[in-house]
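A.B. asks: Structure below; questions to follow.
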Amino acid sequence: MSLLENGQSAVILIYGQSISKQDWWRIVAADLRARYPKAELKIENRTIGGYSTQYLIRTMEADILPFQPDLIVFHDYGSQDLYEKIIRFIRSQTTAEVLLQSDHVVWIPGEADPGGSRRKSYDFQEKHSFEWLPELARKYGLGLVDIRGGWHEHLKQTGMKPSELLRDSVHLNARGEELYAAITKQFLVPGSSQKRAVYSEVEPKWKNGRIELDFEGNRVEVLGLTDGPVDVWIDQQRPSAIPALHYHSRPTNTWDADWPTVMRVGSERPLQTEEWVLKVTRRNDPGTEFDFEVYGSLTGFDGSGTTKQRFVSNSRRVTLDPEDYDVVRSYGLHKISMPGGRQIRWASMPRYIDPVLPSTGTQTILYGLANTKHHLTLVAPKGKSPRLKIRTHQPPLKEN
């Protein structure tokens, strides 16, 4: 990829479901660090096992935007319509390069197939990997790792059966992880033809202790601030006054799965930076339905509700929809009931830094703005004119 040149920094996010969570990504991460020893690489995996597109689309905002990746390596199963919605979200909200991975091979014609279900799945994955994904990549200017083509070739050359690379009907064993990593590494090279997202960098001049900058996009970075603090204004407002510049983080997992108890927390009123806890007060025996109370570290007691109905807190800073609880599936895994005294925690987090303190590195001071025209104002302490550069990011896709 074009951002992986020696001496450059890159933030890389692995995202998807259980296949993306397996250890192949650690092999790829180690290879990148070895190939680019001068580059500052931050690599994180925010994958949620068992989260096909219909679930992942509910968690993506809290998972992707705060990380502000330069590159997303993505694989998921499920609805193609929702898959494309996830891609549209990424392309309209970030300037990340995106590297899709096609499906590996778990069965080939000629192997046993009671009922014909495996043949049906095979035909779908062949079309998905060799027709639909390439077209999606062309449509949105994405990279595509041909996992499936490489898998077919490996099976042909070695005479192996698909099952010899799997630990169950779909997940990879150690040999499968090595092959998955080897194919992926071939596509993580400089000089990609993938369309680059738009960003611009300027070294602005101070005038009367202020910088005034018009830009178009949704993210602002400050590079190499030599002195400070520097106060931030965006569109004539402090960032704390703009509703879009706070978000609810992903809540804590269920008691029996690596799944968030609540996939998405909403709001109907501007947030403030604070911690939240949902305390279960009454539940059915398995814990698949429960009553609760919600508390904010600044807001205090904010109302009580039930998983059976939409909840809007007293402050309207917290909304919870019945379809966003992932407790029924969690109980269904091993039939283990919710422990007593259960609490679910998350936080309202800022999408800004204000004031901005001195740093030799790069600081994202604003993100999550509308992808449109904005006016940035930086205000320095009296008599100060700190040296800095400003980089603004404009995602390639604009959503209405």
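Order determines the names: the first chain of the structure tokens is A, the second B, and so forth; residues in each chain are numbered 1 upward, and ligands are numbered 1 upward as they are shown.
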As a VMD selection string, please: every residue in region 148-344 of chain A that DSSP puts in alpha helix (DSSP H).
C.D. replies: chain A and resid 148 to 158 174 to 185 327 to 334
A.B. asks: How would the residues just chosen look if you wrote them out with N, CA and C atoms as a PDB file, in the first residue's frame?
C.D. replies:
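What ended up in selection.pdb:
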```
ATOM      1  N   ARG A 148      -9.267 -16.189  -1.909  1.00  0.00           N
ATOM      2  CA  ARG A 148      -9.887 -17.395  -2.469  1.00  0.00           C
ATOM      3  C   ARG A 148      -9.087 -17.930  -3.650  1.00  0.00           C
ATOM      4  N   GLY A 149      -8.646 -17.030  -4.531  1.00  0.00           N
ATOM      5  CA  GLY A 149      -7.835 -17.490  -5.654  1.00  0.00           C
ATOM      6  C   GLY A 149      -6.546 -18.131  -5.181  1.00  0.00           C
ATOM      7  N   GLY A 150      -5.887 -17.523  -4.197  1.00  0.00           N
ATOM      8  CA  GLY A 150      -4.662 -18.102  -3.644  1.00  0.00           C
ATOM      9  C   GLY A 150      -4.905 -19.430  -2.973  1.00  0.00           C
ATOM     10  N   TRP A 151      -6.056 -19.561  -2.324  1.00  0.00           N
ATOM     11  CA  TRP A 151      -6.404 -20.814  -1.645  1.00  0.00           C
ATOM     12  C   TRP A 151      -6.616 -21.934  -2.652  1.00  0.00           C
ATOM     13  N   HIS A 152      -7.370 -21.630  -3.712  1.00  0.00           N
ATOM     14  CA  HIS A 152      -7.581 -22.626  -4.766  1.00  0.00           C
ATOM     15  C   HIS A 152      -6.246 -23.084  -5.353  1.00  0.00           C
ATOM     16  N   GLU A 153      -5.359 -22.130  -5.614  1.00  0.00           N
ATOM     17  CA  GLU A 153      -4.063 -22.464  -6.212  1.00  0.00           C
ATOM     18  C   GLU A 153      -3.236 -23.334  -5.270  1.00  0.00           C
ATOM     19  N   HIS A 154      -3.261 -23.024  -3.975  1.00  0.00           N
ATOM     20  CA  HIS A 154      -2.507 -23.809  -2.995  1.00  0.00           C
ATOM     21  C   HIS A 154      -3.045 -25.243  -2.932  1.00  0.00           C
ATOM     22  N   LEU A 155      -4.350 -25.392  -2.920  1.00  0.00           N
ATOM     23  CA  LEU A 155      -4.941 -26.731  -2.879  1.00  0.00           C
ATOM     24  C   LEU A 155      -4.576 -27.527  -4.132  1.00  0.00           C
ATOM     25  N   LYS A 156      -4.554 -26.852  -5.270  1.00  0.00           N
ATOM     26  CA  LYS A 156      -4.217 -27.514  -6.533  1.00  0.00           C
ATOM     27  C   LYS A 156      -2.762 -27.964  -6.547  1.00  0.00           C
ATOM     28  N   GLN A 157      -1.865 -27.087  -6.096  1.00  0.00           N
ATOM     29  CA  GLN A 157      -0.428 -27.397  -6.135  1.00  0.00           C
ATOM     30  C   GLN A 157      -0.039 -28.470  -5.126  1.00  0.00           C
ATOM     31  N   THR A 158      -0.664 -28.475  -3.949  1.00  0.00           N
ATOM     32  CA  THR A 158      -0.269 -29.397  -2.884  1.00  0.00           C
ATOM     33  C   THR A 158      -1.092 -30.671  -2.841  1.00  0.00           C
ATOM     34  N   ALA A 174      -3.406 -23.825  12.278  1.00  0.00           N
ATOM     35  CA  ALA A 174      -2.142 -23.087  12.195  1.00  0.00           C
ATOM     36  C   ALA A 174      -1.640 -22.982  10.757  1.00  0.00           C
ATOM     37  N   ARG A 175      -1.763 -24.058   9.975  1.00  0.00           N
ATOM     38  CA  ARG A 175      -1.322 -24.011   8.574  1.00  0.00           C
ATOM     39  C   ARG A 175      -2.199 -23.067   7.760  1.00  0.00           C
ATOM     40  N   GLY A 176      -3.499 -23.078   8.068  1.00  0.00           N
ATOM     41  CA  GLY A 176      -4.403 -22.166   7.382  1.00  0.00           C
ATOM     42  C   GLY A 176      -4.091 -20.710   7.696  1.00  0.00           C
ATOM     43  N   GLU A 177      -3.750 -20.423   8.943  1.00  0.00           N
ATOM     44  CA  GLU A 177      -3.398 -19.060   9.322  1.00  0.00           C
ATOM     45  C   GLU A 177      -2.134 -18.603   8.594  1.00  0.00           C
ATOM     46  N   GLU A 178      -1.168 -19.500   8.455  1.00  0.00           N
ATOM     47  CA  GLU A 178       0.068 -19.149   7.738  1.00  0.00           C
ATOM     48  C   GLU A 178      -0.222 -18.845   6.271  1.00  0.00           C
ATOM     49  N   LEU A 179      -1.099 -19.639   5.657  1.00  0.00           N
ATOM     50  CA  LEU A 179      -1.445 -19.394   4.253  1.00  0.00           C
ATOM     51  C   LEU A 179      -2.223 -18.083   4.116  1.00  0.00           C
ATOM     52  N   TYR A 180      -3.165 -17.857   5.002  1.00  0.00           N
ATOM     53  CA  TYR A 180      -3.960 -16.629   4.975  1.00  0.00           C
ATOM     54  C   TYR A 180      -3.049 -15.409   5.090  1.00  0.00           C
ATOM     55  N   ALA A 181      -2.077 -15.480   5.997  1.00  0.00           N
ATOM     56  CA  ALA A 181      -1.127 -14.379   6.179  1.00  0.00           C
ATOM     57  C   ALA A 181      -0.244 -14.207   4.952  1.00  0.00           C
ATOM     58  N   ALA A 182       0.217 -15.310   4.386  1.00  0.00           N
ATOM     59  CA  ALA A 182       1.118 -15.237   3.231  1.00  0.00           C
ATOM     60  C   ALA A 182       0.439 -14.574   2.040  1.00  0.00           C
ATOM     61  N   ILE A 183      -0.827 -14.894   1.807  1.00  0.00           N
ATOM     62  CA  ILE A 183      -1.554 -14.281   0.693  1.00  0.00           C
ATOM     63  C   ILE A 183      -1.772 -12.799   0.964  1.00  0.00           C
ATOM     64  N   THR A 184      -2.155 -12.462   2.197  1.00  0.00           N
ATOM     65  CA  THR A 184      -2.414 -11.065   2.543  1.00  0.00           C
ATOM     66  C   THR A 184      -1.156 -10.219   2.411  1.00  0.00           C
ATOM     67  N   LYS A 185      -0.014 -10.749   2.845  1.00  0.00           N
ATOM     68  CA  LYS A 185       1.240  -9.983   2.800  1.00  0.00           C
ATOM     69  C   LYS A 185       1.612  -9.564   1.382  1.00  0.00           C
ATOM     70  N   VAL A 327     -27.915 -10.280  24.195  1.00  0.00           N
ATOM     71  CA  VAL A 327     -27.893 -11.203  25.322  1.00  0.00           C
ATOM     72  C   VAL A 327     -28.554 -12.546  25.000  1.00  0.00           C
ATOM     73  N   VAL A 328     -29.510 -12.553  24.097  1.00  0.00           N
ATOM     74  CA  VAL A 328     -30.162 -13.821  23.747  1.00  0.00           C
ATOM     75  C   VAL A 328     -29.166 -14.741  23.069  1.00  0.00           C
ATOM     76  N   ARG A 329     -28.401 -14.208  22.107  1.00  0.00           N
ATOM     77  CA  ARG A 329     -27.381 -15.033  21.433  1.00  0.00           C
ATOM     78  C   ARG A 329     -26.312 -15.471  22.419  1.00  0.00           C
ATOM     79  N   SER A 330     -25.948 -14.572  23.344  1.00  0.00           N
ATOM     80  CA  SER A 330     -24.912 -14.915  24.309  1.00  0.00           C
ATOM     81  C   SER A 330     -25.334 -16.089  25.185  1.00  0.00           C
ATOM     82  N   TYR A 331     -26.552 -16.055  25.692  1.00  0.00           N
ATOM     83  CA  TYR A 331     -27.046 -17.172  26.501  1.00  0.00           C
ATOM     84  C   TYR A 331     -27.132 -18.451  25.669  1.00  0.00           C
ATOM     85  N   GLY A 332     -27.473 -18.310  24.387  1.00  0.00           N
ATOM     86  CA  GLY A 332     -27.616 -19.470  23.527  1.00  0.00           C
ATOM     87  C   GLY A 332     -26.326 -20.227  23.271  1.00  0.00           C
ATOM     88  N   LEU A 333     -25.183 -19.595  23.507  1.00  0.00           N
ATOM     89  CA  LEU A 333     -23.906 -20.270  23.246  1.00  0.00           C
ATOM     90  C   LEU A 333     -23.701 -21.482  24.145  1.00  0.00           C
ATOM     91  N   HIS A 334     -23.790 -21.271  25.459  1.00  0.00           N
ATOM     92  CA  HIS A 334     -23.483 -22.347  26.405  1.00  0.00           C
ATOM     93  C   HIS A 334     -24.551 -22.532  27.469  1.00  0.00           C
TER      94      HIS A 334
END
```
A.B. asks: Set the distance at 8 Å and use only C-alpha atoms: which residues neighbour region 294-304 of chain A once local chain neighbours fewer than 6 positions away are removed? I'd like the list as JSON, numbers by chain.
C.D. replies: {"A": [274, 275, 276, 277, 278, 279, 313, 314, 315]}
A.B. asks: Taking N, CA and C atoms for each residue, export the selection above as a tab-separated table (two decimals), in the first residue's frame.
C.D. replies:
```tsv
chain	number	residue	atom	x	y	z
A	274	GLU	N	-18.04	11.72	30.04
A	274	GLU	CA	-18.33	11.10	31.33
A	274	GLU	C	-18.42	9.58	31.18
A	275	GLU	N	-18.38	8.90	32.32
A	275	GLU	CA	-18.52	7.45	32.37
A	275	GLU	C	-19.98	7.09	32.65
A	276	TRP	N	-20.40	5.95	32.08
A	276	TRP	CA	-21.77	5.49	32.26
A	276	TRP	C	-21.79	4.06	32.79
A	277	VAL	N	-22.82	3.76	33.58
A	277	VAL	CA	-23.03	2.39	34.04
A	277	VAL	C	-24.51	2.07	34.00
A	278	LEU	N	-24.84	0.90	33.47
A	278	LEU	CA	-26.19	0.35	33.50
A	278	LEU	C	-26.19	-0.77	34.53
A	279	LYS	N	-27.03	-0.64	35.56
A	279	LYS	CA	-27.09	-1.64	36.62
A	279	LYS	C	-28.35	-2.47	36.47
A	313	SER	N	-33.16	8.06	28.34
A	313	SER	CA	-32.84	8.48	29.70
A	313	SER	C	-33.43	9.85	30.00
A	314	ASN	N	-33.46	10.21	31.29
A	314	ASN	CA	-34.04	11.49	31.70
A	314	ASN	C	-33.35	12.67	31.02
A	315	SER	N	-32.02	12.57	30.88
A	315	SER	CA	-31.26	13.65	30.24
A	315	SER	C	-31.32	13.57	28.72
```
A.B. asks: Pick the closest to Ala112 (chain A) from A:Asn208, A:Gln93, A:Thr307, A:Ser163: which is it, counting only C-alpha atoms?
C.D. replies: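 When distances to Ala112 (chain A) are compared using only C-alpha atoms, the smallest one comes from A:Ser163.
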A.B. asks: Using only C-alpha atoms, determine which residues lie at most 10 Å from Ile87 (chain A), disregarding the query and same-chain residues fewer than 4 positions distant; provide the list as a list of chain:residue names.
C.D. replies: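 The residues satisfying every condition are A:Ile57, A:Phe74, A:Leu82, A:Tyr83, A:Arg91, A:Ser92, A:Gln93, A:Val98, A:Leu100, A:Leu136, A:Ala137, A:Tyr140, A:Leu142.
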A.B. asks: Using only C-alpha atoms, which residues sit within 12 Å of Glu399 (chain A) once same-chain residues fewer than 3 positions away are excluded, as a PyMOL selection string?
C.D. replies: chain A and resi 85+88-93+370-372+395-396
